[in-house]
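To keep things clear, I will list the structure first and then write my remarks on it.
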Amino acid sequence: MRPFDYAQAGSVAHAATLAAGTAQGQTDAATQFLAGGTTLIDLMKLDVLTPRRVVSLGALSDANEKIELRGQELTLGAFAKMAAVARHPLVLAHCPAVAQSLALAASAQLRNMATLGGNVLQRTRCTYYRDVSWAKCNKRSPGSGCAALTGFNRNHAVLGVDESCIAQYPGDLGVVLAALEAQVTLTGPHGARQIPFASLHPLAMGRPHIENTLREGEIITQFRIPVGAVTRRSVYVKVRDRASYEFAIASAAVALDLDGEVVRQVRIGLGGMAYKPWRSLEGEQALKGKPLNEAAMAAAAAAALAGATTHGFNDYKPELGRRTLVRALQEAKAMAPAREG
Amino acid sequence: MSNITRRSVLTAGAAMAGVAFQPAPLIAGDGSAADGGAGNGGGGGTAGTTTRVRLLVNGRAHQLDLDRRTTVLDALREHLALTGTKKGCDQGQCGACTVHIGGERVLSCLTLAVAVQGQHIDTIEGLSPSDGPLHPMQQAFIDQDAFQCGYCTPGQIMSAVACVKEGHARTDDEIRESMSGNLCRCAAYPKIVAAIKQARDRGERA
């Protein structure tokens with residue numbers, strides 16, 4: 001690990017000033033914020049991230065970890081720990097898929113450490129990104145190429161990829177937040193602003209070293225999820241190489257509102273498949289207004305993976321993605337209808 | 001039984017090391033050895049890499065001059081001679097370094113010492129009094145033969161204590177899921193599950 005200057009932020013505004021001059025979305029950012037540290041310290045040890053300054057946000061937790069229901073909106077403080085949110089009664093009642101995505105992620109120890117804000121910004125697990133002995137990685141070293149295109153790409157993305165990067169977004173929560181149309185509150189040197197969660201992570205577009213759309217000095221302080229019948233009937237299904245403590249090779253978030261058999265509203269997110277937290281509008285469109293039977297589920301799954309591009313070792317992914325989505329739809333259908341209110 | 005021997009060896013070792021290390025807060029520059037001091041040249045300014053850190057470990061306050069890069073794991077092992085907490089992968093993947101901070105199980109290898117000053121850090125050494133009986137979880141691991149090489153055991157026990165305290169030890173499946181962050185290369189898993197059930201059922205302090 002490289003030496004760094006260390007500062008403890010006393011407030012969100014203070015943190016923003018300490019981080020001035022640095023765009024947080026860049027892999028080579030000179031300043032990095034430290035929350036739970038489960039990604040940052042790991043990647044600093046691997047020499048992938050080499051910040052000259054680390055700004056600790058630990059002291060800001062108390063004011064920014066509240067979980068509340070405000071009307072038809074569930075708000076999650078971005079400094080809340082994954083474990084605390086996974087067991088929170090409001091989350092379990094109004095957005096079970098959020099709770100499941102957190103409970104199925106990482107290990108008990110890591111869930112006690114990692115914050116929601118840090119979790120959604122977690123870096124890819126691409127081995128060519130994490131191992132600096134590989135020269136080619138556009139995400140780590142802009143313009144150097146992508147070793148994964150012709151390498152061992154078994155767990156690389158098939159949706160939202162281009163020739164500059166096929167790294168997979170590794171998270172679970174992000175997939176649910178993308179599907180449920182969450183908003184993100186970003187607080188920075190010029191105050192707070194809201195953006196759709198869907199626009200927090202850009203596609204690679206030849207510049208995969210730009211990991212997110214945070215502006216200079218900005219910190220994620222809150223997530224806001226519109227809740228209703230559709231989010232109360234939601235599930236997150238995760239398929240892994242081992243039964244626990246593993247990243248998804250395929251996952252699906254489904255939120256459902258049925259009128260009898262007919263789909264009134266549906267939201268679909270896919271994990272383990274894509275370059276960024278992935279919402280499938282194509283899959284949703286295929287189901288809207290239709291009876292939710294096996295044929296409709298298969299059609300939605302086909303539509304959701306229609307744009308998949310594979311690179312050899314991950315040729316199996318589209319089929320696994322389709323089956324995972326069908327299973328999530330079946331599980332959502334089998335859930336007891338959501339109660340009103 | 002063998003636990004007495006092992007325990008007295010560990011206790012004696014820790015006490016001796018404690019005496020040796022206690023009087024002198026370590027001199028600046030010493031800490032860089034742990035990480036090889038990679039890339040000290042240029043910008044960062046090596047003069048500024050050491051900082052005074054206050055750690056509260058097993059109820060005892062310590063002041064150490066540490067390289068800022070020092071993790072809680074390295075601070076415990078290299079600077080406080082508390083070697084019960086083990087370094088396995090040092091990458092947050094194996095759970096051997098599990099300690100409790102603020103009453104919750106966390107990975108000490110991914111936690112910077114400078115970031116947890118003043119918080120209660122509890123390690124395997126603090127689980128039971130040096131002159132008293134073992135913690136029910138420690139005793140259960142012995143009774144159930146829940147380890148072979150023993151390297152992952154301190155992390156397993158710290159994680160297991162939290163597992164029971166959190167209420168995640170109701171069924172075998174729940175225990176396995178809750179303990180999935182602690183790997184055991186000897187694969188003592190069935191007996192670890194048995195030990196946790198014993199401690200759950202018998203231990204008032206678990």
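Identifiers in this document derive from the order of the structure tokens: chains are assigned A, B, ..., residues are numbered from 1 separately in each chain, and ligands are numbered from 1 in order of occurrence.
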Who sits within 8 Å of Met82 (chain A), only C-alpha atoms, same chain under 6 positions skipped, as JSON, numbers by chain:
{"A": [102, 103, 111, 112, 113, 114, 115, 116]}
Pick out the chain A residues within 12 Å of chain B. Count only C-alpha atoms. Give them as a compact mmCIF listing (two decimals) with C-alpha atoms, in the first residue's frame.
```
# COMPACT_ATOMS: atom_id res chain seq x y z
CA MET A 1 0.00 0.00 0.00
CA ARG A 2 1.23 3.46 -0.89
CA PRO A 3 1.58 6.14 1.75
CA PHE A 4 -1.27 8.63 1.98
CA ASP A 5 -2.34 11.68 3.89
CA TYR A 6 -5.27 11.04 6.17
CA ALA A 7 -8.02 13.39 7.22
CA GLN A 8 -11.14 12.87 9.29
CA ALA A 9 -14.16 14.74 7.98
CA ALA A 30 -6.04 11.56 -5.91
CA PHE A 33 -13.43 8.80 0.70
CA LEU A 34 -13.22 6.03 3.29
CA ALA A 35 -16.46 4.66 4.75
CA GLY A 36 -16.58 0.93 5.52
CA GLY A 37 -13.33 0.46 3.62
CA THR A 38 -14.18 -3.02 2.36
CA THR A 39 -13.48 -2.08 -1.26
CA LEU A 40 -11.04 0.78 -0.80
CA ILE A 41 -8.55 -0.84 1.58
CA ASP A 42 -8.64 -4.06 -0.44
CA LEU A 43 -7.84 -2.24 -3.70
CA MET A 44 -5.21 -0.06 -2.03
CA LYS A 45 -3.44 -3.20 -0.82
CA LEU A 46 -3.55 -4.54 -4.38
CA ASP A 47 -2.07 -1.26 -5.67
CA THR A 50 -3.35 4.68 -5.05
CA PRO A 51 -4.92 7.79 -3.52
CA ARG A 52 -2.56 10.39 -2.12
CA ARG A 53 -5.19 11.40 0.40
CA VAL A 54 -7.84 9.37 2.24
CA VAL A 55 -10.73 11.25 3.82
CA SER A 56 -12.52 9.24 6.48
CA LEU A 57 -16.28 9.68 6.67
CA GLY A 58 -16.68 7.53 9.77
CA ALA A 59 -17.76 10.39 12.01
CA LYS A 81 -24.57 -0.42 7.26
CA ALA A 83 -26.57 -5.46 7.96
CA ALA A 84 -28.75 -2.83 9.62
CA ARG A 87 -33.04 -6.46 8.95
CA ALA A 103 -28.73 -10.29 3.20
CA LEU A 104 -27.43 -12.38 0.28
CA ALA A 105 -24.38 -10.17 -0.26
CA ALA A 106 -20.89 -10.69 1.15
CA SER A 107 -20.49 -12.11 4.67
CA ALA A 108 -21.83 -11.15 8.09
CA GLN A 109 -18.57 -9.34 8.90
CA LEU A 110 -18.53 -7.35 5.66
CA ARG A 111 -22.21 -6.44 6.03
CA ASN A 112 -21.40 -4.98 9.45
CA MET A 113 -18.72 -2.79 7.88
CA ALA A 114 -19.93 -1.72 4.45
CA ARG A 130 -7.65 -6.30 -9.70
CA ARG A 242 -21.20 -21.62 -3.91
CA ALA A 243 -24.13 -21.44 -1.52
CA SER A 244 -23.07 -18.31 0.36
CA TYR A 245 -20.48 -15.51 0.49
CA GLU A 246 -20.04 -15.22 -3.25
CA PHE A 247 -20.77 -12.77 -6.03
```
May I ask for the distance between CA of Arg224 (chain A) and CA of Pro170 (chain A), given in Å to one decimal place?
21.6 Å
I'd like the neighbourhood of region 184-200 of chain A as a compact mmCIF listing (two decimals) with N, CA and C atoms, in the first residue's frame, where a residue qualifies if any of its atoms comes within 10 Å (using only C-alpha atoms), though same-chain residues fewer than 6 positions away should be ignored.
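The new file part_30.txt reads:
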```txt
# COMPACT_ATOMS: atom_id res chain seq x y z
N VAL A 12 -20.38 16.59 6.40
CA VAL A 12 -20.43 16.33 4.96
C VAL A 12 -19.82 17.50 4.20
N ALA A 13 -20.11 18.73 4.65
CA ALA A 13 -19.55 19.92 3.98
C ALA A 13 -18.03 19.92 4.10
N HIS A 14 -17.53 19.57 5.27
CA HIS A 14 -16.10 19.50 5.49
C HIS A 14 -15.46 18.47 4.56
N ALA A 15 -16.11 17.32 4.43
CA ALA A 15 -15.59 16.27 3.55
C ALA A 15 -15.49 16.78 2.12
N ALA A 16 -16.51 17.52 1.71
CA ALA A 16 -16.52 18.04 0.34
C ALA A 16 -15.33 18.97 0.11
N THR A 17 -15.01 19.81 1.09
CA THR A 17 -13.89 20.73 0.91
C THR A 17 -12.56 19.97 0.92
N LEU A 18 -12.48 18.92 1.75
CA LEU A 18 -11.25 18.13 1.80
C LEU A 18 -11.00 17.41 0.49
N ALA A 19 -12.08 17.14 -0.24
CA ALA A 19 -11.95 16.37 -1.48
C ALA A 19 -11.88 17.27 -2.70
N ALA A 20 -11.89 18.58 -2.51
CA ALA A 20 -11.89 19.48 -3.65
C ALA A 20 -10.68 19.19 -4.55
N GLY A 25 -15.25 9.88 -9.47
CA GLY A 25 -15.58 8.80 -10.40
C GLY A 25 -14.39 8.20 -11.12
N THR A 75 -36.83 6.17 2.57
CA THR A 75 -35.52 6.81 2.46
C THR A 75 -34.50 6.02 3.28
N LEU A 76 -33.35 5.80 2.65
CA LEU A 76 -32.28 5.04 3.29
C LEU A 76 -31.06 5.94 3.39
N GLY A 77 -30.61 6.22 4.61
CA GLY A 77 -29.38 6.99 4.77
C GLY A 77 -28.22 6.21 4.18
N ALA A 78 -27.39 6.89 3.40
CA ALA A 78 -26.34 6.18 2.66
C ALA A 78 -25.22 5.66 3.55
N GLY A 117 -23.85 3.48 0.62
CA GLY A 117 -23.22 4.35 -0.38
C GLY A 117 -21.98 3.71 -0.96
N VAL A 120 -22.88 0.57 -3.36
CA VAL A 120 -23.29 0.78 -4.75
C VAL A 120 -22.12 1.25 -5.62
N LEU A 121 -21.07 1.77 -4.97
CA LEU A 121 -19.89 2.21 -5.72
C LEU A 121 -18.80 1.14 -5.77
N GLY A 174 -27.54 -2.56 -5.91
CA GLY A 174 -27.66 -1.65 -7.06
C GLY A 174 -28.65 -2.14 -8.09
N VAL A 175 -28.71 -3.45 -8.27
CA VAL A 175 -29.62 -4.04 -9.24
C VAL A 175 -31.08 -3.76 -8.83
N LEU A 177 -32.07 -1.28 -6.76
CA LEU A 177 -32.31 0.17 -6.80
C LEU A 177 -32.56 0.64 -8.23
N ALA A 178 -31.86 0.05 -9.19
CA ALA A 178 -32.07 0.40 -10.60
C ALA A 178 -33.48 0.00 -11.03
N GLU A 211 -15.97 5.77 -13.42
CA GLU A 211 -16.80 4.73 -12.80
C GLU A 211 -18.20 5.22 -12.42
N ASN A 212 -18.35 6.51 -12.22
CA ASN A 212 -19.66 7.02 -11.81
C ASN A 212 -19.75 8.50 -12.16
N THR A 213 -20.95 9.06 -11.94
CA THR A 213 -21.18 10.44 -12.37
C THR A 213 -21.12 11.43 -11.21
N LEU A 214 -20.55 11.00 -10.09
CA LEU A 214 -20.36 11.94 -8.98
C LEU A 214 -19.47 13.08 -9.43
N ARG A 215 -19.80 14.29 -9.01
CA ARG A 215 -18.94 15.43 -9.32
C ARG A 215 -17.92 15.62 -8.21
N GLU A 216 -17.00 16.50 -8.49
CA GLU A 216 -15.91 16.79 -7.56
C GLU A 216 -16.43 16.97 -6.12
N GLY A 217 -15.91 16.18 -5.22
CA GLY A 217 -16.22 16.36 -3.80
C GLY A 217 -17.58 15.84 -3.36
N GLU A 218 -18.35 15.23 -4.27
CA GLU A 218 -19.70 14.79 -3.89
C GLU A 218 -19.69 13.45 -3.16
N ILE A 219 -20.64 13.32 -2.23
CA ILE A 219 -20.81 12.09 -1.45
C ILE A 219 -22.27 11.66 -1.58
N ILE A 220 -22.51 10.37 -1.68
CA ILE A 220 -23.89 9.87 -1.64
C ILE A 220 -24.37 9.96 -0.20
N THR A 221 -25.46 10.66 0.03
CA THR A 221 -25.96 10.79 1.40
C THR A 221 -27.29 10.06 1.63
N GLN A 222 -28.03 9.79 0.56
CA GLN A 222 -29.33 9.15 0.76
C GLN A 222 -29.83 8.46 -0.51
N PHE A 223 -30.62 7.41 -0.29
CA PHE A 223 -31.35 6.78 -1.39
C PHE A 223 -32.84 6.95 -1.10
N ARG A 224 -33.61 7.22 -2.14
CA ARG A 224 -35.07 7.39 -1.98
C ARG A 224 -35.76 6.44 -2.94
N ILE A 225 -36.59 5.58 -2.37
CA ILE A 225 -37.28 4.57 -3.20
C ILE A 225 -38.78 4.81 -3.12
N LYS A 276 -23.25 -2.45 -15.74
CA LYS A 276 -23.74 -1.56 -14.68
C LYS A 276 -25.02 -2.16 -14.09
N PRO A 277 -25.49 -1.64 -12.96
CA PRO A 277 -26.77 -2.12 -12.42
C PRO A 277 -27.83 -2.01 -13.51
N TRP A 278 -28.45 -3.13 -13.84
CA TRP A 278 -29.19 -3.22 -15.09
C TRP A 278 -30.69 -3.31 -14.87
N ARG A 279 -31.42 -2.38 -15.46
CA ARG A 279 -32.87 -2.50 -15.48
C ARG A 279 -33.27 -2.93 -16.88
```
Would you give me, as an MDAnalysis selection string, the residues in region 23-221 of chain A that DSSP reads as strand (DSSP E or B)?
chainID A and resid 26 31:34 53:56 67:70 73:77 81 115 137 146 159 162 165 183:188 191:196 210 219:221
If I take CA of Tyr129 (chain A) and CA of Ala274 (chain A), how far is one from the other in Å, to one decimal?
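One can read the CA of Tyr129 (chain A) to CA of Ala274 (chain A) distance as 16.1 Å.
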With only C-alpha atoms as the basis for distance, which of B:Ile192, B:Ala113, B:Val57, B:Ile175 is at the shortest distance from Asp143 (chain B)?
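Of the candidates, the smallest distance to Asp143 (chain B) is held by B:Ile192.
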Would you please extract all helix (DSSP H, G or I) residues from region 121-206 of chain B, as assigned by DSSP on the backbone, and give them as a VMD selection string?
chain B and resid 124 to 126 136 to 143 153 to 165 172 to 178 189 to 202
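Shell of Gly145 (chain A) at 8 Å, with only C-alpha atoms counted and residues fewer than 3 places along the chain excluded, is Lys136, Cys137, Asn138, Pro142 and Ser164 of chain A.
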